[in-house]
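coords33.csv follows; it contains CSV, C-alpha atoms.
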```csv
chain,number,residue,atom,x,y,z
A,1,MET,CA,-14.8,-16.7,-11.1
A,2,ASN,CA,-16.0,-17.2,-7.5
A,3,ARG,CA,-12.4,-17.7,-6.2
A,4,PRO,CA,-11.6,-14.5,-4.3
A,5,ASN,CA,-8.6,-12.5,-5.4
A,6,PHE,CA,-5.8,-11.7,-2.9
A,7,TYR,CA,-6.6,-9.0,-0.4
A,8,ALA,CA,-10.3,-9.9,-0.7
A,9,SER,CA,-12.5,-12.1,1.6
A,10,SER,CA,-10.5,-11.9,4.8
A,11,GLY,CA,-13.2,-13.8,6.7
A,12,LEU,CA,-13.8,-10.9,9.1
A,13,ASP,CA,-17.3,-10.2,10.4
A,14,ARG,CA,-17.3,-6.4,10.0
A,15,VAL,CA,-20.0,-6.1,12.7
A,16,SER,CA,-21.2,-2.7,11.3
A,17,HIS,CA,-24.2,-2.8,13.7
A,18,LEU,CA,-21.8,-2.4,16.7
A,19,ARG,CA,-19.8,0.6,15.4
A,20,ARG,CA,-22.0,3.0,17.3
A,21,ASP,CA,-22.0,1.0,20.5
A,22,ALA,CA,-19.6,2.9,22.7
A,23,ASP,CA,-19.9,0.4,25.6
A,24,TRP,CA,-19.1,-2.6,23.4
A,25,LEU,CA,-16.2,-0.8,21.8
A,26,ALA,CA,-14.7,0.1,25.2
A,27,GLU,CA,-15.1,-3.4,26.5
A,28,ARG,CA,-13.4,-4.8,23.4
A,29,LEU,CA,-10.4,-2.4,23.7
A,30,ALA,CA,-10.1,-3.5,27.4
A,31,ASP,CA,-10.4,-7.2,26.5
A,32,PRO,CA,-7.0,-9.0,26.7
A,33,GLU,CA,-8.1,-11.2,23.8
A,34,THR,CA,-8.6,-8.2,21.4
A,35,ARG,CA,-5.9,-7.8,18.8
A,36,VAL,CA,-4.7,-4.6,17.2
A,37,GLN,CA,-2.7,-4.1,14.0
A,38,PRO,CA,-0.3,-1.1,14.2
A,39,VAL,CA,0.1,0.8,10.9
A,40,TRP,CA,2.9,3.4,10.6
A,41,ARG,CA,2.8,5.8,7.7
A,42,SER,CA,1.0,3.3,5.5
A,43,GLN,CA,3.3,0.4,6.4
A,44,ASN,CA,1.8,-2.7,8.2
A,45,PHE,CA,3.4,-4.3,11.2
A,46,ILE,CA,4.8,-7.7,10.4
A,47,ALA,CA,5.8,-10.2,13.1
A,48,ARG,CA,9.3,-11.5,13.2
A,49,GLY,CA,9.7,-15.1,12.3
A,50,ALA,CA,10.7,-17.6,9.7
A,51,GLU,CA,7.7,-16.7,7.5
A,52,PRO,CA,6.0,-13.3,7.1
A,53,ALA,CA,2.8,-13.0,9.3
A,54,ALA,CA,0.7,-10.2,10.4
A,55,GLY,CA,1.9,-8.6,13.7
A,56,TRP,CA,-1.1,-8.6,16.0
A,57,LEU,CA,-0.7,-7.1,19.4
A,58,PRO,CA,-2.9,-7.0,22.5
A,59,ALA,CA,-4.6,-3.6,22.8
A,60,SER,CA,-2.8,-3.1,26.1
A,61,ALA,CA,0.5,-2.8,24.2
A,62,LEU,CA,-0.7,0.4,22.6
A,63,ARG,CA,-2.8,1.7,25.5
A,64,ARG,CA,-0.9,5.0,25.8
A,65,GLN,CA,-1.1,5.8,22.1
A,66,ILE,CA,-4.8,4.9,22.0
A,67,GLU,CA,-5.6,7.1,25.0
A,68,ALA,CA,-3.5,9.9,23.6
A,69,GLY,CA,-5.7,10.1,20.5
A,70,ALA,CA,-4.1,7.8,17.9
A,71,THR,CA,-6.7,7.0,15.2
A,72,VAL,CA,-8.3,3.6,15.9
A,73,ALA,CA,-10.6,1.7,13.4
A,74,LEU,CA,-12.5,-1.4,14.1
A,75,LEU,CA,-11.9,-4.0,11.5
A,76,GLY,CA,-14.3,-6.6,12.8
A,77,THR,CA,-14.4,-9.9,14.7
A,78,GLN,CA,-12.9,-13.2,13.8
A,79,ASP,CA,-13.9,-16.3,15.9
A,80,GLY,CA,-15.4,-13.9,18.4
A,81,VAL,CA,-12.2,-11.9,18.8
A,82,ALA,CA,-12.2,-8.1,18.0
A,83,HIS,CA,-9.6,-6.8,15.6
A,84,PHE,CA,-8.6,-3.1,15.4
A,85,ALA,CA,-6.1,-1.0,13.4
A,86,VAL,CA,-4.2,1.7,15.2
A,87,ASP,CA,-2.3,4.5,13.4
A,88,LEU,CA,1.1,5.2,14.9
A,89,SER,CA,2.2,7.7,12.2
A,90,ALA,CA,2.7,10.4,14.8
A,91,GLU,CA,5.6,8.3,16.3
A,92,GLU,CA,9.0,9.1,14.9
A,93,ALA,CA,10.5,5.7,16.2
A,94,PRO,CA,7.5,3.3,16.6
A,95,LEU,CA,9.8,0.3,16.9
A,96,GLU,CA,11.2,1.7,20.1
A,97,LEU,CA,7.8,1.7,21.8
A,98,PRO,CA,7.7,-0.7,24.8
A,99,GLY,CA,4.7,-2.7,23.4
A,100,ILE,CA,6.4,-3.2,20.0
A,101,ALA,CA,10.1,-3.4,20.5
A,102,ASP,CA,11.7,-6.6,19.2
A,103,LEU,CA,8.4,-8.1,18.1
A,104,GLY,CA,8.5,-7.2,14.4
A,105,ASP,CA,9.0,-4.5,11.8
A,106,PHE,CA,6.9,-2.2,9.5
A,107,PHE,CA,6.8,-3.1,5.8
A,108,ASP,CA,5.0,-1.9,2.7
A,109,LEU,CA,2.2,-4.5,2.2
A,110,ARG,CA,3.2,-4.7,-1.5
A,111,ARG,CA,6.5,-6.1,-0.4
A,112,VAL,CA,5.3,-8.9,1.9
A,113,GLY,CA,1.6,-9.4,0.8
A,114,PRO,CA,2.2,-12.3,-1.5
A,115,ALA,CA,3.9,-14.3,1.3
A,116,LEU,CA,1.0,-13.8,3.8
A,117,ARG,CA,-1.9,-16.2,4.3
A,118,HIS,CA,-4.9,-15.1,2.2
A,119,ALA,CA,-7.0,-14.0,5.2
A,120,GLU,CA,-4.2,-12.0,6.8
A,121,GLY,CA,-3.5,-10.2,3.5
A,122,GLY,CA,-7.1,-9.1,3.4
A,123,MET,CA,-7.1,-7.9,7.0
A,124,LEU,CA,-3.9,-5.9,6.6
A,125,ALA,CA,-5.1,-4.4,3.4
A,126,PHE,CA,-8.3,-3.3,5.2
A,127,ALA,CA,-6.2,-1.7,8.0
A,128,ARG,CA,-3.9,0.1,5.6
A,129,GLY,CA,-6.7,1.4,3.5
A,130,ILE,CA,-9.0,2.7,6.2
A,131,LEU,CA,-6.2,4.5,8.1
A,132,HIS,CA,-4.9,6.0,4.9
A,133,TRP,CA,-8.4,7.5,4.4
A,134,HIS,CA,-8.3,9.0,7.8
A,135,SER,CA,-4.9,10.6,7.1
A,136,ARG,CA,-6.3,12.3,4.0
A,137,HIS,CA,-9.6,13.5,5.5
A,138,ARG,CA,-8.5,15.4,8.6
A,139,PHE,CA,-10.4,18.5,7.4
A,140,CYS,CA,-13.9,18.9,6.2
A,141,GLY,CA,-14.3,19.1,2.4
A,142,VAL,CA,-17.4,21.3,2.9
A,143,CYS,CA,-16.2,24.1,5.2
A,144,GLY,CA,-12.5,23.3,5.9
A,145,SER,CA,-12.9,22.7,9.7
A,146,PRO,CA,-11.1,19.8,11.4
A,147,THR,CA,-12.9,16.5,11.4
A,148,GLN,CA,-13.1,13.9,14.1
A,149,SER,CA,-13.3,10.1,13.9
A,150,SER,CA,-16.5,8.5,14.9
A,151,GLU,CA,-18.4,5.2,14.5
A,152,ALA,CA,-15.4,3.1,15.4
A,153,GLY,CA,-13.3,4.8,12.7
A,154,HIS,CA,-15.8,4.4,9.9
A,155,GLN,CA,-16.9,8.0,9.8
A,156,ARG,CA,-15.4,11.4,10.2
A,157,ARG,CA,-17.6,14.3,11.3
A,158,CYS,CA,-17.0,18.0,10.9
A,159,SER,CA,-16.3,19.7,14.2
A,160,ASN,CA,-18.0,22.9,13.1
A,161,PRO,CA,-21.6,22.8,14.6
A,162,ALA,CA,-22.8,25.0,11.7
A,163,CYS,CA,-21.7,22.4,9.2
A,164,ASN,CA,-21.7,19.0,11.0
A,165,ALA,CA,-21.1,17.2,7.7
A,166,SER,CA,-20.4,13.5,7.8
A,167,HIS,CA,-17.7,11.9,5.7
A,168,PHE,CA,-17.4,8.2,5.0
A,169,PRO,CA,-14.5,6.1,3.7
A,170,ARG,CA,-14.1,6.3,-0.1
A,171,THR,CA,-12.7,3.9,-2.6
A,172,ASP,CA,-11.6,4.9,-6.1
A,173,PRO,CA,-13.1,2.6,-8.7
A,174,ALA,CA,-10.6,1.6,-11.4
A,175,VAL,CA,-11.1,-0.8,-14.3
A,176,ILE,CA,-8.4,-3.2,-15.2
A,177,MET,CA,-8.7,-5.3,-18.3
A,178,LEU,CA,-7.1,-8.0,-20.4
A,179,VAL,CA,-7.7,-7.3,-24.0
A,180,HIS,CA,-7.5,-10.4,-26.3
A,181,ARG,CA,-8.0,-11.3,-29.9
A,182,GLY,CA,-7.8,-15.0,-30.8
A,183,ASP,CA,-4.7,-16.4,-29.3
A,184,ARG,CA,-3.1,-13.1,-28.6
A,185,CYS,CA,-3.4,-10.7,-25.7
A,186,LEU,CA,-2.5,-7.0,-25.3
A,187,LEU,CA,0.0,-6.1,-22.6
A,188,GLY,CA,1.6,-2.8,-21.8
A,189,ARG,CA,4.5,-1.5,-19.8
A,190,GLN,CA,4.9,1.7,-17.7
A,191,PRO,CA,8.3,3.2,-17.1
A,192,GLN,CA,8.1,2.7,-13.4
A,193,PHE,CA,7.4,-1.0,-13.6
A,194,PRO,CA,10.1,-3.5,-12.4
A,195,PRO,CA,12.5,-4.7,-15.2
A,196,GLY,CA,10.7,-6.8,-17.7
A,197,MET,CA,7.2,-6.5,-16.2
A,198,HIS,CA,4.3,-6.2,-18.6
A,199,SER,CA,0.7,-5.9,-17.4
A,200,THR,CA,-2.9,-5.4,-18.4
A,201,LEU,CA,-4.2,-2.0,-19.1
A,202,ALA,CA,-6.0,0.0,-16.3
A,203,GLY,CA,-7.5,3.3,-15.5
A,204,PHE,CA,-9.9,5.2,-13.2
A,205,VAL,CA,-13.6,5.4,-13.9
A,206,GLU,CA,-14.7,9.0,-14.7
A,207,PRO,CA,-18.0,10.6,-13.4
A,208,GLY,CA,-21.0,9.7,-15.5
A,209,GLU,CA,-19.3,6.7,-17.0
A,210,SER,CA,-20.3,3.0,-16.9
A,211,LEU,CA,-17.6,0.4,-16.2
A,212,GLU,CA,-17.9,-1.0,-19.7
A,213,ASP,CA,-17.5,2.5,-21.2
A,214,ALA,CA,-14.4,3.1,-19.0
A,215,VAL,CA,-12.8,-0.1,-20.3
A,216,ALA,CA,-13.4,0.9,-23.9
A,217,ARG,CA,-12.2,4.4,-23.4
A,218,GLU,CA,-9.0,3.5,-21.5
A,219,VAL,CA,-8.0,0.9,-24.0
A,220,ARG,CA,-8.5,3.2,-26.9
A,221,GLU,CA,-6.8,6.2,-25.2
A,222,GLU,CA,-3.7,4.2,-24.2
A,223,THR,CA,-3.3,1.9,-27.3
A,224,GLY,CA,-5.7,3.0,-30.0
A,225,ILE,CA,-7.3,-0.4,-29.9
A,226,VAL,CA,-11.1,-0.7,-30.2
A,227,VAL,CA,-12.8,-3.4,-28.1
A,228,ASP,CA,-16.2,-5.0,-27.7
A,229,GLU,CA,-17.6,-7.9,-25.7
A,230,VAL,CA,-16.5,-6.3,-22.4
A,231,ARG,CA,-17.1,-9.0,-19.7
A,232,TYR,CA,-16.7,-8.7,-16.0
A,233,HIS,CA,-14.3,-11.1,-14.3
A,234,SER,CA,-13.8,-10.3,-10.6
A,235,SER,CA,-12.7,-7.5,-8.3
A,236,GLN,CA,-9.8,-6.8,-5.9
A,237,PRO,CA,-9.3,-4.3,-3.1
A,238,TRP,CA,-6.1,-2.5,-3.9
A,239,PRO,CA,-5.3,0.0,-1.0
A,240,PHE,CA,-2.2,1.4,-2.7
A,241,PRO,CA,-3.5,3.9,-1.7
A,242,SER,CA,-7.3,3.6,-2.1
A,243,SER,CA,-8.6,1.7,-5.1
A,244,ILE,CA,-11.0,-1.1,-5.9
A,245,MET,CA,-9.8,-2.9,-9.1
A,246,LEU,CA,-12.7,-4.0,-11.3
A,247,GLY,CA,-11.5,-6.7,-13.6
A,248,PHE,CA,-12.7,-7.4,-17.1
A,249,HIS,CA,-11.8,-9.3,-20.2
A,250,ALA,CA,-12.5,-7.5,-23.5
A,251,ARG,CA,-12.2,-8.6,-27.2
A,252,ALA,CA,-10.3,-6.4,-29.6
A,253,VAL,CA,-11.8,-5.6,-33.0
A,254,THR,CA,-8.8,-3.8,-34.3
A,255,ASP,CA,-5.1,-4.7,-34.4
A,256,GLU,CA,-3.0,-1.6,-34.9
A,257,ILE,CA,-1.4,-0.2,-31.7
A,258,VAL,CA,-0.9,3.5,-31.2
A,259,VAL,CA,0.7,4.0,-27.8
A,260,ASP,CA,0.0,7.0,-25.7
A,261,THR,CA,3.5,7.6,-24.4
A,262,ASN,CA,2.2,9.8,-21.6
A,263,GLU,CA,0.6,6.6,-20.1
A,264,LEU,CA,2.7,3.7,-21.4
A,265,GLU,CA,6.3,3.0,-22.4
A,266,ARG,CA,5.2,0.4,-24.8
A,267,ALA,CA,2.4,-2.0,-25.7
A,268,ALA,CA,2.4,-5.1,-27.8
A,269,TRP,CA,0.4,-8.3,-28.7
A,270,TYR,CA,1.7,-11.5,-27.2
A,271,ASP,CA,0.8,-15.0,-28.3
A,272,ARG,CA,-0.5,-17.4,-25.7
A,273,ASP,CA,2.0,-20.1,-26.5
A,274,TRP,CA,4.9,-17.6,-26.3
A,275,ILE,CA,3.9,-16.4,-22.9
A,276,LEU,CA,3.5,-20.0,-21.6
A,277,ALA,CA,6.9,-20.9,-22.9
A,278,HIS,CA,8.8,-17.8,-21.8
A,279,PRO,CA,10.6,-17.9,-18.4
A,280,ALA,CA,10.3,-14.7,-16.3
A,281,ASP,CA,13.3,-12.5,-16.9
A,282,ASP,CA,14.3,-8.8,-17.3
A,283,ARG,CA,12.9,-8.9,-20.9
A,284,PHE,CA,9.5,-10.1,-20.1
A,285,ARG,CA,7.6,-11.1,-16.9
A,286,LEU,CA,4.0,-11.1,-15.9
A,287,PRO,CA,2.6,-8.9,-13.1
A,288,ARG,CA,3.1,-9.7,-9.4
A,289,PRO,CA,1.3,-12.8,-8.2
A,290,ASP,CA,-1.0,-11.0,-5.7
A,291,SER,CA,-2.5,-8.7,-8.4
A,292,ILE,CA,-5.7,-9.1,-10.2
A,293,ALA,CA,-3.7,-8.3,-13.4
A,294,ARG,CA,-1.9,-11.6,-13.0
A,295,ARG,CA,-5.1,-13.5,-12.5
A,296,LEU,CA,-6.7,-11.9,-15.6
A,297,VAL,CA,-3.7,-13.1,-17.7
A,298,GLU,CA,-3.5,-16.5,-16.2
A,299,ASP,CA,-7.2,-17.2,-16.5
A,300,TRP,CA,-7.0,-16.2,-20.2
A,301,LEU,CA,-3.9,-18.4,-20.7
A,302,LYS,CA,-6.0,-21.3,-19.3
A,303,GLY,CA,-8.9,-20.4,-21.6
A,304,GLU,CA,-11.1,-19.2,-18.7
A,305,VAL,CA,-12.7,-16.2,-20.3
A,306,PRO,CA,-16.1,-14.9,-19.1
A,307,VAL,CA,-19.0,-15.5,-21.5
```
Go ahead and express the file in the form of C-alpha cells.
Amino acid sequence: MNRPNFYASSGLDRVSHLRRDADWLAERLADPETRVQPVWRSQNFIARGAEPAAGWLPASALRRQIEAGATVALLGTQDGVAHFAVDLSAEEAPLELPGIADLGDFFDLRRVGPALRHAEGGMLAFARGILHWHSRHRFCGVCGSPTQSSEAGHQRRCSNPACNASHFPRTDPAVIMLVHRGDRCLLGRQPQFPPGMHSTLAGFVEPGESLEDAVAREVREETGIVVDEVRYHSSQPWPFPSSIMLGFHARAVTDEIVVDTNELERAAWYDRDWILAHPADDRFRLPRPDSIARRLVEDWLKGEVPV
C-alpha cells in the first residue's frame, strides 16, 4: 500500500518555510535556472515532442505577465531548482505569446496525465489545483471584499483592513471505495462515463462525518448495499477541480442492489475471473489507468485487500 498513486509524491520539496521570504522569492524569479509551468484556464502547458512532457519555461519567458499581476504560486524546489506555476487565464491567445509560441500547447491534464512521468504528473496536478483555488477565491468569504495573493501563492488575504481575513487553499475530501463480497465486486456506471466504463463508488465527505461513515452512507445511498470492515487503502490528489480521493476497500454484508438513478445509470456485481478474462470494450472497461479507482480494482483482483 506504500506505492504512491498517480499525481502523488512528485518529489518536490515544498519549502514552506521560504514562502514568506520576499528576497528569496524575488531571487528565484530572477534566476535563469528557475522553471515555471504556465496554466491557462485549468489546462497545463505540455511541451511539443514525440512523448508528452511537462512544458517548463524559464521565468523570463513570462516576465511581462508576472510583472503585470498574473497569479504566481511557488510549487517548490527540485534538485535545488525552484518551480512555479503561473496563471495565464487572462490571455485570450496564450500560444501567441513570444515566450510560449511554438514550444507546446495547453491540454486538460486528464487527457495527457497517464502518459507523463509520475513526478511530472504530480507537479502539474499541484499547479492546476492551486491556481484553480486562486481563481475561485478572488473575493473574501467573510466580507466580500477582493482578496490578494500572499505567501508565494499559498494564502489569499482580504484587502479590507477591517476584515483582514486569511484564506488558505482547500481540498474537498471524497471517499472512493471498492465494495467486495467473496469473489465479486460492486461496480457502477454514471451516464457521463466513456462508453463501457464502470468504476468504484465515490462521494464527498459531509460535515461531522468520519471517513468510514461516509463510505457506508454513500454505498447504501447509491446502491442499497450495506457494508462493514471498511479498510483504508491509499489516497490520491485529484485536482479536477479540487479533491483528495481517500481510497477504501469495504466488505458487503447484503447482496440486493437498489440503484439511485440520480447518481448512477446502473450498478452490478462482477466476478473476479470474469473481469480478468474480459477485454476492454464498449460494453465493459475498467476506470482510467491514472485513477485510484483503477488501482482499488486491480489490487482486489490480485488479492491485495487491506486487513
Suppose you want the space between atom CA of A:Phe248 and atom CA of A:Ala119; what is it in Å?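 The value is 23.9 Å.
With only C-alpha atoms as the atoms that count, the minimum distance from A:Asp281 to the choices A:His198, A:Arg117, A:Arg64, A:Arg217 is reached by A:His198.
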Expected answer as a ChimeraX atom specification: all residues with atoms within 7 Å of (-13.8, -1.4, -10.8), all atoms listed in the file: /A:173-175,211,235,244-247
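Nearest residue to A:Arg128, choosing from A:Arg272, A:Arg41, A:Arg170, A:Arg28 and counting all atoms listed in the file: A:Arg41.
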Nearest to A:Ala73: which of A:Leu88, A:Arg20, A:Ala53, A:His154 is it, counting only C-alpha atoms? A:His154
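Using all atoms listed in the file, the protein and nucleic acid residues lying no more than 9 Å from A:Leu178, apart from those fewer than 6 places from it along its own chain, are Cys185, Leu186, Leu187, Ser199, Thr200, Leu201, Gly247, Phe248, His249, Ala250, Arg251, Ala293, Leu296, Val297 and Trp300 of chain A.
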Selection export as an mmCIF file, in the coordinates of the input, atoms kept: C-alpha atoms:
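Wrote selection_0.cif, looks like this:
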```
data_model
loop_
_atom_site.group_PDB
_atom_site.id
_atom_site.type_symbol
_atom_site.label_atom_id
_atom_site.label_comp_id
_atom_site.auth_asym_id
_atom_site.auth_seq_id
_atom_site.Cartn_x
_atom_site.Cartn_y
_atom_site.Cartn_z
ATOM 1 C CA CYS A 185 -3.400 -10.700 -25.700
ATOM 2 C CA LEU A 186 -2.500 -7.000 -25.300
ATOM 3 C CA LEU A 187 0.000 -6.100 -22.600
ATOM 4 C CA SER A 199 0.700 -5.900 -17.400
ATOM 5 C CA THR A 200 -2.900 -5.400 -18.400
ATOM 6 C CA LEU A 201 -4.200 -2.000 -19.100
ATOM 7 C CA GLY A 247 -11.500 -6.700 -13.600
ATOM 8 C CA PHE A 248 -12.700 -7.400 -17.100
ATOM 9 C CA HIS A 249 -11.800 -9.300 -20.200
ATOM 10 C CA ALA A 250 -12.500 -7.500 -23.500
ATOM 11 C CA ARG A 251 -12.200 -8.600 -27.200
ATOM 12 C CA ALA A 293 -3.700 -8.300 -13.400
ATOM 13 C CA LEU A 296 -6.700 -11.900 -15.600
ATOM 14 C CA VAL A 297 -3.700 -13.100 -17.700
ATOM 15 C CA TRP A 300 -7.000 -16.200 -20.200
#
```
Nearest residue to A:Phe126 out of A:Ser234, A:Asn5, A:Asn44, A:Gln190, using only C-alpha atoms? A:Asn44
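Remark: for A:Pro287, the closest of the candidate residues A:Arg111, A:Arg19, A:Arg63, A:Arg189 is A:Arg189 (distances computed over all atoms listed in the file).
In this structure, atom CA of A:His137 sits 11.9 Å away from atom CA of A:Gly153.
Minimum distance to A:Arg136 across A:Ser291, A:Ala252, A:His167, A:Pro306 (counting all atoms listed in the file) occurs at A:His167.
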In file coordinates, which residues lie within 12 Å of (5.5, -12.8, -2.8) using only C-alpha atoms, given as a PyMOL selection string? chain A and resi 6+51-52+109-118+121+287-291
